[in-house]
>>> print(open('final21.cif').read())   # mmCIF, C-alpha atoms
data_model
loop_
_atom_site.label_atom_id
_atom_site.label_comp_id
_atom_site.auth_asym_id
_atom_site.auth_seq_id
_atom_site.Cartn_x
_atom_site.Cartn_y
_atom_site.Cartn_z
CA MET F 452 -5.96 -29.78 -6.41
CA GLY F 453 -8.08 -32.77 -5.44
CA LYS F 454 -11.40 -32.76 -7.25
CA HIS F 455 -10.27 -30.17 -9.79
CA ARG F 456 -7.39 -32.06 -11.33
CA VAL F 457 -8.41 -32.14 -14.98
CA SER F 458 -6.90 -34.68 -17.34
CA GLY F 459 -6.87 -35.82 -20.94
CA GLN F 460 -9.02 -34.13 -23.52
CA ASN F 461 -10.83 -32.08 -20.86
CA TYR F 462 -7.50 -30.60 -19.79
CA ARG F 463 -6.88 -29.37 -23.33
CA LYS F 464 -10.34 -27.78 -23.42
CA VAL F 465 -9.82 -26.11 -20.05
CA GLN F 466 -6.29 -25.01 -21.03
CA ARG F 467 -7.57 -23.10 -24.08
CA ILE F 468 -9.48 -20.70 -21.85
CA PRO F 469 -6.49 -19.21 -19.94
CA ASP F 470 -4.35 -19.37 -23.11
CA THR F 471 -6.89 -17.24 -24.96
CA LEU F 472 -7.31 -14.90 -21.99
CA ARG F 473 -3.55 -14.41 -21.71
CA SER F 474 -3.43 -13.40 -25.35
CA ASP F 475 -6.48 -11.11 -25.04
CA VAL F 476 -5.17 -9.07 -22.09
CA GLY F 477 -1.39 -9.34 -22.53
CA ALA F 478 -0.80 -11.22 -19.27
CA CYS F 479 2.61 -12.81 -18.78
CA CYS F 480 1.04 -15.68 -16.85
CA ILE F 481 -2.33 -16.95 -15.70
CA PHE F 482 -3.06 -19.59 -13.08
CA LEU F 483 -6.22 -21.41 -12.09
CA ILE F 484 -5.62 -22.26 -8.44
CA ASP F 485 -7.47 -23.99 -5.63
CA VAL F 486 -7.87 -22.93 -1.99
CA THR F 487 -4.39 -24.19 -1.10
CA GLY F 488 -2.78 -22.28 -3.97
CA GLY F 489 -2.32 -25.53 -5.89
CA ILE F 490 -2.25 -25.05 -9.63
CA VAL F 491 -5.06 -26.70 -11.59
CA CYS F 492 -3.79 -25.27 -14.89
CA ARG F 493 -1.49 -22.49 -16.04
CA SER F 494 -0.71 -20.41 -19.09
CA GLY F 495 2.60 -18.62 -19.57
CA GLU F 496 5.62 -18.43 -17.32
CA GLN F 497 7.09 -16.10 -14.74
CA THR F 498 10.46 -17.17 -13.43
CA THR F 499 11.63 -14.01 -11.66
CA LEU F 500 8.82 -13.77 -9.09
CA PRO F 501 7.80 -16.22 -6.33
CA ILE F 502 4.52 -17.18 -8.01
CA ASP F 503 3.99 -20.23 -5.77
CA GLU F 504 4.03 -17.98 -2.69
CA ILE F 505 1.66 -15.51 -4.32
CA ASN F 506 -0.73 -18.33 -5.31
CA ALA F 507 -0.67 -19.76 -1.78
CA LEU F 508 -1.60 -16.36 -0.36
CA LEU F 509 -4.34 -15.80 -2.91
CA GLY F 510 -5.70 -19.32 -2.53
CA SER F 511 -6.43 -18.71 1.12
CA SER F 512 -8.51 -15.67 0.19
CA ILE F 513 -11.02 -17.78 -1.76
CA SER F 514 -12.71 -19.24 1.31
CA ALA F 515 -12.45 -16.00 3.25
CA LEU F 516 -14.19 -13.93 0.58
CA THR F 517 -16.83 -16.57 -0.06
CA GLN F 518 -17.63 -16.68 3.67
CA ALA F 519 -17.65 -12.88 3.92
CA GLY F 520 -20.21 -12.76 1.10
CA GLU F 521 -22.38 -15.26 2.96
CA ILE F 522 -22.24 -13.13 6.10
CA LEU F 523 -23.39 -10.14 4.04
CA HIS F 524 -26.40 -12.21 2.84
CA ASP F 525 -25.85 -10.71 -0.60
CA GLY F 526 -26.42 -13.83 -2.66
CA GLN F 527 -23.64 -12.77 -5.02
CA ARG F 528 -21.00 -15.44 -5.52
CA LYS F 529 -18.45 -13.45 -7.51
CA PHE F 530 -15.46 -11.52 -6.26
CA HIS F 531 -12.39 -9.82 -7.68
CA LEU F 532 -8.98 -9.20 -6.19
CA ILE F 533 -6.92 -6.37 -7.68
CA TYR F 534 -3.41 -5.22 -6.90
CA GLN F 535 -2.13 -2.39 -9.09
CA GLY F 536 1.58 -1.98 -8.57
CA ASN F 537 4.13 0.03 -10.48
CA ARG F 538 5.33 -2.96 -12.53
CA TYR F 539 2.40 -5.40 -12.48
CA ILE F 540 -1.32 -5.68 -12.10
CA LEU F 541 -2.25 -8.80 -10.14
CA PHE F 542 -5.86 -9.69 -10.73
CA GLY F 543 -7.92 -12.55 -9.37
CA ILE F 544 -11.48 -13.66 -10.00
CA ASN F 545 -13.24 -16.63 -8.48
CA VAL F 546 -14.33 -19.59 -10.55
CA GLY F 547 -17.11 -21.14 -8.56
CA GLU F 548 -16.65 -21.33 -4.82
CA ASP F 549 -13.23 -22.94 -4.57
CA LEU F 550 -11.08 -21.86 -7.52
CA LEU F 551 -9.40 -18.58 -8.40
CA LEU F 552 -8.22 -17.43 -11.81
CA THR F 553 -5.17 -15.22 -11.25
CA LEU F 554 -3.52 -13.02 -13.86
CA LEU F 555 -0.19 -11.23 -13.75
CA VAL F 556 -0.26 -8.39 -16.28
CA PRO F 557 2.85 -6.24 -16.78
CA ARG F 558 2.22 -2.50 -16.63
CA MET F 559 3.48 -1.05 -19.86
CA GLN F 560 2.52 1.87 -22.03
CA PHE F 561 0.22 -0.22 -24.22
CA SER F 562 -0.99 -2.79 -21.70
CA SER F 563 -4.67 -3.58 -21.30
CA PRO F 564 -6.64 -1.24 -19.03
CA ILE F 565 -7.99 -2.85 -15.88
CA GLY F 566 -11.56 -2.66 -17.25
CA ALA F 567 -10.61 -4.89 -20.18
CA VAL F 568 -8.78 -7.28 -17.86
CA MET F 569 -11.89 -7.52 -15.67
CA HIS F 570 -14.24 -7.98 -18.63
CA TYR F 571 -12.26 -10.73 -20.37
CA SER F 572 -11.45 -12.41 -17.05
CA GLN F 573 -15.14 -12.53 -16.12
CA GLN F 574 -15.93 -14.23 -19.43
CA ALA F 575 -13.11 -16.75 -18.91
CA ALA F 576 -14.20 -17.43 -15.31
CA ASP F 577 -17.78 -18.02 -16.45
CA ASP F 578 -16.59 -20.38 -19.21
CA LEU F 579 -14.36 -22.30 -16.79
CA SER F 580 -17.10 -22.51 -14.17
CA GLN F 581 -19.61 -23.80 -16.73
CA PHE F 582 -17.16 -26.32 -18.14
CA LEU F 583 -16.12 -27.65 -14.73
CA THR F 584 -19.76 -27.88 -13.63
CA ASP F 585 -20.74 -29.75 -16.78
CA ALA F 586 -17.68 -32.03 -16.78
CA ASN F 587 -18.42 -35.68 -16.35
CA PRO F 588 -16.98 -36.81 -12.99
CA THR F 589 -15.27 -39.72 -14.73
CA ASP F 590 -13.25 -37.21 -16.74
CA ILE F 591 -11.77 -35.61 -13.64
CA SER F 592 -8.74 -37.42 -12.27
CA GLY F 593 -7.57 -37.25 -8.69
CA GLN F 594 -10.84 -38.38 -7.17
CA LEU F 595 -10.70 -41.34 -4.82
CA PRO F 596 -13.70 -43.56 -4.23
CA ASP F 597 -15.57 -43.13 -0.94
CA ASP F 598 -14.64 -46.68 0.11
CA PHE F 599 -10.94 -46.25 -0.75
CA GLN F 600 -9.74 -47.01 2.78
CA SER F 601 -11.69 -50.28 2.96
CA ALA F 602 -10.53 -51.30 -0.55
CA ILE F 603 -6.89 -50.84 0.53
CA ALA F 604 -7.47 -52.85 3.70
CA GLU F 605 -9.08 -55.69 1.73
CA ASN F 606 -6.26 -55.77 -0.80
CA LEU F 607 -3.62 -55.76 1.94
CA ASP F 608 -5.43 -58.62 3.69
CA ASP F 609 -5.41 -60.59 0.43
CA LEU F 610 -1.68 -60.02 0.01
CA PHE F 611 -0.76 -61.20 3.48
#
>>> encode(input="final21.cif", output="structure tokens")
Amino acid sequence: MGKHRVSGQNYRKVQRIPDTLRSDVGACCIFLIDVTGGIVCRSGEQTTLPIDEINALLGSSISALTQAGEILHDGQRKFHLIYQGNRYILFGINVGEDLLLTLLVPRMQFSSPIGAVMHYSQQAADDLSQFLTDANPTDISGQLPDDFQSAIAENLDDLF
């Protein structure tokens, strides 16, 4: 999670985006994950499936797809992952270069078509990317100062 751990009022602002998206497309759960599959924020629950395992697998695809795009010299920095099973649609869209917005949408008679899922997800990903780019670094928790190691050493020296 590192540099993308959002806290306080910014967390509430970020959280509204997947909450709204979940409502718009009828997803049972949505996760914003990093390259390790760590959850930055979530909306909804899914207790019967191993979501942590799925997120870990999808997280590793972020770097791979970003690098593949660079090899293609395409200049495009957006990608989608789609799995259409009998019971669920699993959809992922990158948010910047190191986050992935993943949606688990149950397949039912009146569920959202994949085109709508893609459209609303793209809007949410753009909103998240813009917000996280504009966020003041002091509003993001989980960041350690560059001289953290030396600060610890100095404080330990003072103690002993």
>>> closest_residue(input="final21.cif", among="F:Gly495, F:Pro501, F:Gly536, F:Pro557", to="Cys480 in chain F", atoms="only C-alpha atoms")
F:Gly495
>>> atom_distance(input="final21.cif", atom1="CA of Met569 in chain F", atom2="CA of Phe542 in chain F")
8.1 Å
>>> closest_residue(input="final21.cif", among="F:Ser511, F:Gln466, F:Ser580, F:Asn537", to="Cys492 in chain F", atoms="all atoms listed in the file")
F:Gln466
>>> closest_residue(input="final21.cif", among="F:Ala567, F:Val486, F:Leu541, F:Leu583", to="Ala515 in chain F", atoms="all atoms listed in the file")
F:Val486
>>> resolve_selection(input="final21.cif", expression="the PyMOL selection byres ((chain F and resi 503-507) around 10)", output="list in words")
Phe482, Leu483, Ile484, Asp485, Val486, Thr487, Gly488, Gly489, Ile490, Leu500, Pro501, Ile502, Leu508, Leu509, Gly510, Ser511, Ser512, Leu541, Leu551, Leu552 and Thr553 of chain F
>>> closest_residue(input="final21.cif", among="F:Asp585, F:Gly520, F:Gly477, F:Asp578", to="Ile565 in chain F", atoms="all atoms listed in the file")
F:Gly477
>>> resolve_selection(input="final21.cif", expression="the PyMOL selection byres ((chain F and resi 479) around 9)", output="ChimeraX atom specification")
/F:473-474,477-478,480-481,494-497,554-557
>>> atom_distance(input="final21.cif", atom1="CA of Ser514 in chain F", atom2="CA of Asn461 in chain F")
25.7 Å
>>> atom_distance(input="final21.cif", atom1="CA of Gln573 in chain F", atom2="CA of Leu550 in chain F")
13.3 Å
>>> closest_residue(input="final21.cif", among="F:Val546, F:Leu579, F:Gln518, F:Thr584", to="Val465 in chain F", atoms="all atoms listed in the file")
F:Leu579
>>> residues_around(input="final21.cif", residues="Asp475 in chain F", least_positions_apart="4", cutoff="10 Å", atoms="all atoms listed in the file", output="JSON, numbers by chain")
{"F": [469, 470, 471, 563, 567, 568, 571, 572]}
>>> closest_residue(input="final21.cif", among="F:Gln527, F:Gly547, F:Arg538, F:Arg493", to="Ile468 in chain F", atoms="all atoms listed in the file")
F:Arg493
